[in-house]
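Peer 1: For reference, the file target05.txt (compact mmCIF, C-alpha atoms and all ligand atoms) is included below:
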```txt
# COMPACT_ATOMS: atom_id res chain seq x y z
CA MET A 86 11.93 6.03 11.54
CA ALA A 87 11.84 5.89 7.76
CA TYR A 88 13.01 9.01 5.92
CA LYS A 89 10.13 8.41 3.56
CA PRO A 90 7.41 6.40 5.33
CA ARG A 91 5.02 4.08 3.59
CA THR A 92 1.34 4.90 3.42
CA GLU A 93 -1.43 2.58 2.36
CA ARG A 94 -2.14 3.24 -1.31
CA GLU A 95 -5.60 4.75 -1.65
CA GLU A 96 -6.30 2.05 -4.18
CA ILE A 97 -6.63 -0.53 -1.40
CA PRO A 98 -9.33 1.21 0.68
CA ILE A 99 -11.16 2.25 -2.51
CA LEU A 100 -11.29 -1.34 -3.76
CA ARG A 101 -12.22 -2.58 -0.27
CA SER A 102 -15.15 -0.20 -0.24
CA LEU A 103 -16.25 -0.98 -3.80
CA LYS A 104 -16.10 -4.69 -3.08
CA ALA A 105 -18.75 -4.19 -0.36
CA ARG A 106 -20.90 -1.83 -2.40
CA MET A 107 -20.97 -3.23 -5.93
CA GLU A 108 -20.29 -6.38 -7.90
CA LEU A 109 -16.62 -6.46 -8.83
CA SER A 110 -15.20 -8.66 -11.57
CA GLU A 111 -13.07 -11.61 -10.51
CA GLU A 112 -10.05 -9.77 -11.83
CA ASP A 113 -10.78 -6.72 -9.66
CA ILE A 114 -11.23 -8.88 -6.58
CA TRP A 115 -8.01 -10.77 -7.31
CA ASN A 116 -6.29 -7.46 -7.82
CA TYR A 117 -7.60 -6.16 -4.48
CA PHE A 118 -6.40 -9.21 -2.54
CA ASN A 119 -3.04 -9.04 -4.29
CA LEU A 120 -2.50 -5.38 -3.49
CA LYS A 121 -3.59 -5.92 0.10
CA LYS A 122 -1.35 -8.93 0.60
CA GLY A 123 1.58 -7.16 -1.02
CA PHE A 124 1.10 -4.15 1.23
CA GLU A 125 0.91 -6.35 4.34
CA GLY A 126 4.24 -7.93 3.34
CA GLU A 127 5.86 -4.53 2.86
CA VAL A 128 4.65 -3.46 6.31
CA MET A 129 6.14 -6.65 7.79
CA PHE A 130 9.49 -5.74 6.22
CA ASP A 131 9.19 -2.16 7.56
CA LEU A 132 8.90 -3.56 11.08
CA LEU A 133 12.32 -5.15 10.57
CA THR A 134 14.11 -2.20 8.94
CA GLU A 135 12.73 0.15 11.62
CA LYS A 136 14.82 -1.72 14.16
CA LEU A 137 18.12 -1.04 12.42
CA GLN A 138 20.66 0.52 14.77
CA SER A 139 23.23 1.57 12.19
CA GLU A 140 22.90 4.90 10.43
CA CYS A 141 20.85 4.75 7.24
CA PHE A 142 18.18 6.48 5.24
CA ILE A 143 15.18 4.24 4.68
CA LEU A 144 12.98 5.22 1.76
CA ASN A 145 9.79 3.23 1.40
CA ASP A 146 7.53 2.93 -1.60
CA LEU A 147 9.13 5.08 -4.28
CA LEU A 148 7.62 5.42 -7.73
CA LEU A 149 10.28 6.86 -10.01
CA GLU A 150 10.59 7.59 -13.68
CA LEU A 151 13.63 7.64 -15.92
CA ASN A 152 13.56 8.06 -19.71
CA ASN A 153 9.80 7.43 -19.77
CA SER A 154 10.14 4.17 -17.82
CA LYS A 155 8.41 4.04 -14.47
CA PHE A 156 9.74 1.80 -11.77
CA GLN A 157 8.66 1.13 -8.24
CA ILE A 158 10.90 0.46 -5.28
CA ASP A 159 9.43 -1.18 -2.18
CA THR A 160 12.29 -0.31 0.14
CA LEU A 161 15.61 1.44 -0.36
CA VAL A 162 18.24 1.55 2.38
CA VAL A 163 20.96 4.13 1.84
CA GLN A 164 24.34 3.59 3.45
CA ASP A 165 27.71 3.50 1.65
CA THR A 166 26.00 0.81 -0.39
CA ILE A 167 22.47 1.34 -1.67
CA TYR A 168 20.26 -1.64 -0.93
CA LEU A 169 17.20 -2.06 -3.09
CA PHE A 170 14.58 -4.50 -1.80
CA ASP A 171 11.59 -5.88 -3.61
CA VAL A 172 9.34 -7.48 -1.00
CA LYS A 173 7.18 -10.48 -1.86
CA ASN A 174 4.51 -11.85 0.45
CA HIS A 175 3.80 -15.12 -1.33
CA GLU A 176 3.13 -18.10 0.88
CA GLY A 177 3.08 -21.83 0.37
CA ASP A 178 5.25 -24.06 -1.77
CA TYR A 179 6.75 -22.94 -5.05
CA TYR A 180 9.08 -24.67 -7.46
CA TYR A 181 11.84 -23.05 -9.42
CA GLU A 182 11.87 -24.46 -12.94
CA LYS A 183 13.96 -23.03 -15.78
CA GLY A 184 13.73 -19.51 -14.43
CA ASP A 185 10.03 -19.69 -13.52
CA PHE A 186 8.42 -19.63 -10.07
CA ILE A 187 5.52 -22.10 -10.10
CA SER A 188 3.07 -22.81 -7.28
CA LYS A 189 1.76 -26.27 -6.43
CA SER A 190 -1.42 -25.49 -8.32
CA ARG A 191 0.82 -24.72 -11.34
CA LYS A 192 0.20 -20.97 -11.13
CA LEU A 193 3.06 -18.86 -12.39
CA MET A 194 4.38 -15.99 -10.28
CA ASN A 195 5.50 -12.95 -12.27
CA ASN A 196 9.22 -13.60 -12.27
CA PRO A 197 10.41 -11.41 -9.37
CA LEU A 198 14.04 -11.60 -10.52
CA ASP A 199 13.20 -10.09 -13.91
CA GLN A 200 11.31 -7.28 -12.20
CA LEU A 201 14.19 -6.76 -9.80
CA LYS A 202 16.79 -6.58 -12.56
CA ARG A 203 14.77 -4.02 -14.50
CA CYS A 204 14.39 -1.92 -11.38
CA GLU A 205 18.08 -2.25 -10.50
CA THR A 206 19.18 -1.21 -13.99
CA LEU A 207 16.96 1.87 -13.99
CA LEU A 208 18.14 2.85 -10.50
CA ARG A 209 21.79 2.54 -11.54
CA GLN A 210 21.14 4.70 -14.61
CA LEU A 211 19.40 7.27 -12.44
CA LEU A 212 22.32 7.38 -9.98
CA GLN A 213 24.76 7.76 -12.84
CA LYS A 214 22.71 10.55 -14.40
CA TYR A 215 22.83 12.55 -11.16
CA GLY A 216 26.48 11.76 -10.44
CA PHE A 217 26.15 9.41 -7.46
CA LYS A 218 28.84 6.76 -7.32
CA LEU A 219 27.51 4.48 -4.59
CA PRO A 220 27.32 0.73 -5.35
CA VAL A 221 23.88 -0.90 -5.56
CA GLU A 222 22.83 -4.27 -4.18
CA ALA A 223 19.38 -5.48 -5.17
CA TRP A 224 17.42 -8.26 -3.51
CA VAL A 225 14.04 -9.93 -3.72
CA VAL A 226 12.90 -10.53 -0.15
CA PHE A 227 10.41 -13.30 0.52
CA ILE A 228 8.98 -12.10 3.81
CA ASN A 229 6.30 -14.70 4.52
CA PRO A 230 7.60 -17.36 6.97
CA GLU A 231 5.37 -19.91 5.23
CA PHE A 232 7.05 -19.50 1.87
CA THR A 233 9.22 -22.31 0.50
CA LEU A 234 10.97 -22.42 -2.85
CA TYR A 235 12.00 -25.89 -4.01
CA GLN A 236 14.95 -26.32 -6.32
CA ALA A 237 15.87 -22.77 -5.43
CA PRO A 238 18.68 -21.21 -7.42
CA LYS A 239 21.72 -20.69 -5.21
CA HIS A 240 23.31 -17.61 -6.64
CA GLU A 241 20.32 -15.44 -7.37
CA GLN A 242 19.54 -12.20 -5.57
CA ILE A 243 16.96 -13.75 -3.24
CA ILE A 244 16.57 -13.49 0.52
CA TYR A 245 14.44 -16.27 2.01
CA PRO A 246 12.50 -15.92 5.29
CA THR A 247 15.20 -17.86 7.13
CA GLN A 248 17.86 -15.38 5.94
CA LEU A 249 16.18 -12.19 7.14
CA ASN A 250 18.13 -12.06 10.41
CA THR A 251 21.42 -12.39 8.56
CA LEU A 252 20.39 -9.54 6.28
CA LEU A 253 19.60 -7.27 9.23
CA LYS A 254 22.89 -8.14 10.91
CA LYS A 255 24.70 -7.21 7.73
CA LEU A 256 22.95 -3.83 7.52
CA ASN A 257 23.68 -3.26 11.20
CA MET A 258 27.39 -3.95 10.67
CA TRP A 259 27.91 -0.65 8.90
CA THR A 260 29.73 1.63 11.32
CA GLY A 261 30.04 4.63 8.98
CA LYS A 262 28.17 7.91 9.29
CA LEU A 263 25.68 9.40 6.88
CA ASN A 264 26.98 12.53 5.19
CA GLY A 265 25.68 15.31 2.97
CA ASN A 266 25.99 13.18 -0.13
CA HIS A 267 23.75 10.47 1.30
CA LYS A 268 21.21 13.11 2.28
CA LYS A 269 21.36 14.74 -1.14
CA LEU A 270 20.55 11.40 -2.71
CA ALA A 271 17.70 10.66 -0.28
CA ASP A 272 16.20 14.12 -0.89
CA LEU A 273 16.54 13.76 -4.64
CA LEU A 274 14.70 10.43 -4.66
CA VAL A 275 11.94 11.72 -2.39
CA SER A 276 11.51 14.77 -4.63
CA MET A 277 11.32 12.55 -7.72
CA HIS A 278 8.63 10.30 -6.22
CA LEU A 279 5.52 10.31 -8.41
CA VAL A 280 2.04 10.24 -7.01
CA GLU A 281 0.07 7.78 -9.06
CA SER A 282 -3.24 9.29 -10.00
CA PRO A 283 -5.76 8.29 -11.06
CA TYR A 284 -5.34 4.66 -10.21
CA PRO A 285 -5.42 2.56 -13.37
CA ARG A 286 -6.56 -0.59 -11.60
CA ILE A 287 -9.81 0.75 -10.19
CA PRO A 288 -12.97 -0.07 -12.17
CA PRO A 289 -15.32 2.82 -13.02
CA TYR A 290 -18.07 3.46 -10.47
CA GLU A 291 -20.98 5.86 -9.97
CA TYR A 292 -22.53 7.09 -6.74
CA GLU A 293 -26.03 6.00 -7.73
CA GLU A 294 -25.07 2.41 -8.41
CA LEU A 295 -23.28 1.77 -5.11
CA ARG A 296 -25.06 0.01 -2.23
CA LYS A 297 -25.64 2.49 0.59
CA GLY A 298 -25.11 1.66 4.24
CA ILE A 299 -22.39 1.46 6.85
CA ILE A 300 -19.77 -1.18 6.18
CA CYS A 301 -18.49 -3.33 9.04
CA SER A 302 -14.91 -2.24 9.76
CA SER A 303 -13.85 -5.83 10.22
CA CYS A 304 -15.65 -8.03 7.65
CA GLN A 305 -16.97 -5.32 5.29
CA SER A 306 -20.53 -6.56 5.23
CA ILE A 307 -23.22 -3.87 5.24
CA LEU A 308 -24.56 -3.31 8.74
CA PRO A 309 -28.32 -3.70 9.13
CA SER A 310 -29.22 -1.42 12.06
CA VAL A 311 -28.14 0.53 15.13
CA THR A 312 -28.82 -0.48 18.71
CA GLY A 313 -28.33 2.41 21.09
CA ARG A 314 -24.87 3.91 20.77
CA LYS A 315 -23.35 0.83 19.17
CA ILE A 316 -23.50 -0.80 15.80
CA VAL A 317 -23.10 -4.57 15.96
CA CYS A 318 -22.26 -6.62 12.88
CA GLY A 319 -24.63 -9.54 12.40
CA ASP A 320 -22.00 -11.43 10.42
CA CYS A 321 -18.85 -11.20 12.53
CA GLY A 322 -20.09 -9.77 15.85
CA CYS A 323 -17.68 -6.85 15.66
CA ASN A 324 -19.06 -3.72 17.36
CA GLU A 325 -18.23 -0.06 17.00
CA GLY A 326 -19.53 3.20 18.49
CA VAL A 327 -22.05 4.99 16.29
CA ASP A 328 -19.96 8.18 16.12
CA ALA A 329 -16.85 6.32 15.00
CA ALA A 330 -18.84 4.46 12.35
CA VAL A 331 -20.37 7.68 11.02
CA LEU A 332 -17.00 9.41 10.74
CA ARG A 333 -15.48 6.36 9.08
CA SER A 334 -18.31 6.38 6.54
CA VAL A 335 -17.78 10.09 5.85
CA ARG A 336 -14.07 9.47 5.21
CA GLU A 337 -15.02 6.65 2.87
CA LEU A 338 -17.49 8.87 1.00
CA LYS A 339 -14.81 11.55 0.60
CA LEU A 340 -12.27 8.99 -0.60
CA LEU A 341 -14.60 7.58 -3.26
CA PHE A 342 -16.11 10.90 -4.29
CA PRO A 343 -13.64 13.69 -3.49
CA ASP A 344 -15.70 16.27 -5.42
CA ARG A 345 -18.97 15.54 -3.67
CA LYS A 346 -20.11 18.08 -1.08
CA ILE A 347 -20.59 16.62 2.38
CA THR A 348 -24.03 17.42 3.80
CA THR A 349 -26.10 15.95 6.64
CA LYS A 350 -28.68 14.70 4.17
CA GLY A 351 -26.02 13.20 1.90
CA VAL A 352 -24.32 11.37 4.75
CA LYS A 353 -27.65 10.04 5.99
CA GLU A 354 -28.31 8.58 2.56
CA TRP A 355 -24.75 7.22 2.28
CA CYS A 356 -25.18 5.47 5.65
CA GLY A 357 -28.31 3.74 4.37
CA GLY A 358 -30.68 5.93 6.39
CA ILE A 359 -29.99 4.08 9.66
CA ILE A 360 -28.43 7.05 11.49
CA SER A 361 -30.49 10.03 12.64
CA LYS A 362 -29.78 13.44 11.18
CA ASP A 363 -29.05 14.79 14.67
CA VAL A 364 -26.23 12.32 15.23
CA ILE A 365 -24.77 13.01 11.79
CA ARG A 366 -24.99 16.80 12.21
CA ARG A 367 -23.31 16.65 15.64
CA ASN A 368 -20.45 14.55 14.26
CA LEU A 369 -19.99 16.77 11.23
CA ASN A 370 -20.05 19.92 13.36
CA GLN A 371 -17.42 18.50 15.68
CA ASN A 372 -15.06 17.27 12.98
CA TYR A 373 -15.52 19.30 9.84
CA LYS A 374 -15.64 22.95 8.97
CA ALA A 375 -19.10 24.25 8.11
CA ASN A 376 -19.36 26.25 4.91
CA GLY A 377 -22.01 28.10 2.92
CA PHE A 378 -25.56 28.92 3.92
CA GLY A 379 -29.09 27.51 3.62
CA ARG A 380 -29.41 25.04 0.81
CA TRP A 381 -25.76 25.62 -0.14
CA PHE A 382 -24.59 24.53 3.30
CA TYR A 383 -21.89 21.85 3.34
CA TYR A 384 -18.91 20.58 5.37
CA GLU A 385 -15.22 20.50 4.50
ZN ZN B 1 -18.57 -7.75 10.42
```
Give the structure from this file in structure tokens form.
Peer 2:
Amino acid sequence: MAYKPRTEREEIPILRSLKARMELSEEDIWNYFNLKKGFEGEVMFDLLTEKLQSECFILNDLLLELNNSKFQIDTLVVQDTIYLFDVKNHEGDYYYEKGDFISKSRKLMNNPLDQLKRCETLLRQLLQKYGFKLPVEAWVVFINPEFTLYQAPKHEQIIYPTQLNTLLKKLNMWTGKLNGNHKKLADLLVSMHLVESPYPRIPPYEYEELRKGIICSSCQSILPSVTGRKIVCGDCGCNEGVDAAVLRSVRELKLLFPDRKITTKGVKEWCGGIISKDVIRRNLNQNYKANGFGRWFYYE
């Protein structure tokens, strides 16, 4: 179990929802797919580090700041050495040319080694500032089994998909015990973690301009109607109970508009008018706290 677990950044569900409800620019859509793919890669790496048998603190998804420079760490494993991992979920064939990572379609990847070195330097400075003397090893991890890098540099800090097992064996080899110093460091880093808010990569949006309706949980198309107690997606065939779909839509409304009061009427409108007020009221009563009175009645 990670000492600091990873949670999906709110940015991803917000963009997913906006993509279904308004026209996003190509850049926003690209950004959404990138964030989503990156997150999926990080979760894949978590599944591996969770299996470690040796003692360690695993800190996932840290956003830290030192001397006005922010840096993000995908995964940090604390033993007598501190392992910093930057996880990449690129797939397909890339070429390494004069320090650049280039895809077959000649697209350039942001150089992950430059990012890693910046992150490593800032982490070392932070450790020094707080008096921790543990050595740091930093690695870019390519997690996707379908990733290949041609003309790969031999001595760079890169772990390829075929080397993941060796990495885990190495981390498992440590027979030492965690002590107070390790814990002090883990607690310090967790306490320094910044919550990014508001998200800079989300385009501006207004309630009025968003398409209303219930979004399919699988393909994100807007669902046309309800049949009995189920909602069936005309596009992908996925089906979901009406109650679950209503509650999911309420969570989405709260995520996009945290200041908006939740009312039966408001939820009915948000769901595109396809759910009866009775069903909405029953779900809200069962899952949210009722507040206020008469026309000032709302749910928390
Ligand atoms: Zn669907």
Peer 1: Using only C-alpha atoms, give me every residue within 12 Å of (7.1, 2.6, -12.1) in file coordinates, as a PDB file with C-alpha atoms, keeping the file's coordinate frame.
Peer 2:
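Saved result, part06.pdb, follows:
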```pdb
ATOM      1  CA  ASP A 146       7.530   2.930  -1.600  1.00  0.00           C
ATOM      2  CA  LEU A 147       9.130   5.080  -4.280  1.00  0.00           C
ATOM      3  CA  LEU A 148       7.620   5.420  -7.730  1.00  0.00           C
ATOM      4  CA  LEU A 149      10.280   6.860 -10.010  1.00  0.00           C
ATOM      5  CA  GLU A 150      10.590   7.590 -13.680  1.00  0.00           C
ATOM      6  CA  LEU A 151      13.630   7.640 -15.920  1.00  0.00           C
ATOM      7  CA  ASN A 152      13.560   8.060 -19.710  1.00  0.00           C
ATOM      8  CA  ASN A 153       9.800   7.430 -19.770  1.00  0.00           C
ATOM      9  CA  SER A 154      10.140   4.170 -17.820  1.00  0.00           C
ATOM     10  CA  LYS A 155       8.410   4.040 -14.470  1.00  0.00           C
ATOM     11  CA  PHE A 156       9.740   1.800 -11.770  1.00  0.00           C
ATOM     12  CA  GLN A 157       8.660   1.130  -8.240  1.00  0.00           C
ATOM     13  CA  ILE A 158      10.900   0.460  -5.280  1.00  0.00           C
ATOM     14  CA  ASP A 159       9.430  -1.180  -2.180  1.00  0.00           C
ATOM     15  CA  GLN A 200      11.310  -7.280 -12.200  1.00  0.00           C
ATOM     16  CA  LEU A 201      14.190  -6.760  -9.800  1.00  0.00           C
ATOM     17  CA  ARG A 203      14.770  -4.020 -14.500  1.00  0.00           C
ATOM     18  CA  CYS A 204      14.390  -1.920 -11.380  1.00  0.00           C
ATOM     19  CA  LEU A 207      16.960   1.870 -13.990  1.00  0.00           C
ATOM     20  CA  LEU A 208      18.140   2.850 -10.500  1.00  0.00           C
ATOM     21  CA  MET A 277      11.320  12.550  -7.720  1.00  0.00           C
ATOM     22  CA  HIS A 278       8.630  10.300  -6.220  1.00  0.00           C
ATOM     23  CA  LEU A 279       5.520  10.310  -8.410  1.00  0.00           C
ATOM     24  CA  VAL A 280       2.040  10.240  -7.010  1.00  0.00           C
ATOM     25  CA  GLU A 281       0.070   7.780  -9.060  1.00  0.00           C
TER      26      GLU A 281
END
```
Peer 1: Could you check the closest approach to ligand ZN 1 (chain B) for each of A:Leu252, A:Ile300, A:Gly377, A:Phe130 and tell me which residue wins, using all atoms listed in the file?
Peer 2: A:Ile300
Peer 1: Taking only C-alpha atoms and all ligand atoms into account, which residues are within 8 Å of ligand ZN 1 (chain B), as a ChimeraX atom specification?
Peer 2: /A:300-308,317-323
Peer 1: With C-alpha atoms retained, export the selected residues as an mmCIF file, in the frame of the given file.
Peer 2:
```
data_model
loop_
_atom_site.group_PDB
_atom_site.id
_atom_site.type_symbol
_atom_site.label_atom_id
_atom_site.label_comp_id
_atom_site.auth_asym_id
_atom_site.auth_seq_id
_atom_site.Cartn_x
_atom_site.Cartn_y
_atom_site.Cartn_z
ATOM 1 C CA ILE A 300 -19.770 -1.180 6.180
ATOM 2 C CA CYS A 301 -18.490 -3.330 9.040
ATOM 3 C CA SER A 302 -14.910 -2.240 9.760
ATOM 4 C CA SER A 303 -13.850 -5.830 10.220
ATOM 5 C CA CYS A 304 -15.650 -8.030 7.650
ATOM 6 C CA GLN A 305 -16.970 -5.320 5.290
ATOM 7 C CA SER A 306 -20.530 -6.560 5.230
ATOM 8 C CA ILE A 307 -23.220 -3.870 5.240
ATOM 9 C CA LEU A 308 -24.560 -3.310 8.740
ATOM 10 C CA VAL A 317 -23.100 -4.570 15.960
ATOM 11 C CA CYS A 318 -22.260 -6.620 12.880
ATOM 12 C CA GLY A 319 -24.630 -9.540 12.400
ATOM 13 C CA ASP A 320 -22.000 -11.430 10.420
ATOM 14 C CA CYS A 321 -18.850 -11.200 12.530
ATOM 15 C CA GLY A 322 -20.090 -9.770 15.850
ATOM 16 C CA CYS A 323 -17.680 -6.850 15.660
#
```
Peer 1: For the point (14.5, -11.0, -2.3) in the file's frame, write as a CSV table (one decimal) with C-alpha atoms, in the frame of the given file all residues with an atom no more than 8 Å away, counting all atoms listed in the file.
Peer 2:
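Output file part-v4.csv follows:
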```csv
chain,number,residue,atom,x,y,z
A,170,PHE,CA,14.6,-4.5,-1.8
A,171,ASP,CA,11.6,-5.9,-3.6
A,172,VAL,CA,9.3,-7.5,-1.0
A,173,LYS,CA,7.2,-10.5,-1.9
A,223,ALA,CA,19.4,-5.5,-5.2
A,224,TRP,CA,17.4,-8.3,-3.5
A,225,VAL,CA,14.0,-9.9,-3.7
A,226,VAL,CA,12.9,-10.5,-0.2
A,227,PHE,CA,10.4,-13.3,0.5
A,242,GLN,CA,19.5,-12.2,-5.6
A,243,ILE,CA,17.0,-13.8,-3.2
A,244,ILE,CA,16.6,-13.5,0.5
A,245,TYR,CA,14.4,-16.3,2.0
```
Peer 1: Calculated over only C-alpha atoms, which of the candidates A:Arg191, A:Arg209, A:Arg296, A:Arg314 has the smallest distance to Glu108 in chain A?
Peer 2: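 Of A:Arg191, A:Arg209, A:Arg296, A:Arg314, the one nearest Glu108 in chain A is A:Arg296, counting only C-alpha atoms.
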Peer 1: Of the residues A:Arg94, A:His175, A:Lys218, A:Arg101, which is the one nearest to Pro197 in chain A, using only C-alpha atoms?
Peer 2: A:His175
Peer 1: Please, what distance in Å, to one decimal, runs between CA of Asp185 in chain A and CA of Thr233 in chain A?
Peer 2: 14.3 Å
Peer 1: I'd like the interatomic distance between CA of Ser361 in chain A and CA of Ile299 in chain A, to a tenth of an Å.
Peer 2: 13.1 Å
Peer 1: Could you name the residues that touch Leu109 in chain A at 12 Å or less, counting all atoms listed in the file, but leaving out those on the same chain fewer than 2 positions away, as a PyMOL selection string?
Peer 2: chain A and resi 100-107+111-117+286-290+295
Peer 1: Please report the interatomic distance between CA of Lys350 in chain A and CA of Ile97 in chain A in Å with one decimal.
Peer 2: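 One can read the CA of Lys350 in chain A to CA of Ile97 in chain A distance as 27.4 Å.
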Peer 1: Please determine, counting all atoms listed in the file, which residue among A:Val128, A:Ile360, A:Val162, A:Leu144 has the shortest atom-to-atom distance to Leu256 in chain A.
Peer 2: A:Val162
Peer 1: Excluding Asn257 in chain A and any residue of its chain fewer than 2 positions from it, enumerate the residues within 7 Å of it, using all atoms listed in the file, and give them as number ranges by chain.
Peer 2: A: 137-139, 253-255, 259
Peer 1: Could you check the closest approach to Glu96 in chain A for each of A:Met194, A:Ile228, A:Ile359, A:Leu120 and tell me which residue wins, using all atoms listed in the file?
Peer 2: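 Closest to Glu96 in chain A of all the choices is A:Leu120.
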Peer 1: Restricting the calculation to only C-alpha atoms, which member of A:Asp131, A:Glu337, A:Glu293, A:Glu241 is positioned closest to Pro98 in chain A?
Peer 2: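 Between A:Asp131, A:Glu337, A:Glu293, A:Glu241, the residue approaching Pro98 in chain A most closely is A:Glu337.
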Peer 1: Please write out, as lines of an AutoDock Vina configuration file, where the centre of an axis-aligned box around all listed atoms of range 236-246 of chain A lies and how long its edges are, in Å to one decimal, after adding 4 Å on each side.
Peer 2:
```
center_x = 17.9
center_y = -19.3
center_z = -1.1
size_x = 18.8
size_y = 22.1
size_z = 20.7
```
Peer 1: Please provide as a list in words all residues within 8 Å of Phe217 in chain A, with the sequence filter that same-chain residues fewer than 4 positions apart are discarded (counting only C-alpha atoms).
Peer 2: Leu212, Gln213 and Leu270 of chain A
Peer 1: Would you write out those residues with C-alpha atoms, as a short mmCIF file (atom, residue, chain, number, x, y, z; two decimals), in the frame of the given file?
Peer 2:
```
data_model
loop_
_atom_site.label_atom_id
_atom_site.label_comp_id
_atom_site.auth_asym_id
_atom_site.auth_seq_id
_atom_site.Cartn_x
_atom_site.Cartn_y
_atom_site.Cartn_z
CA LEU A 212 22.32 7.38 -9.98
CA GLN A 213 24.76 7.76 -12.84
CA LEU A 270 20.55 11.40 -2.71
#
```
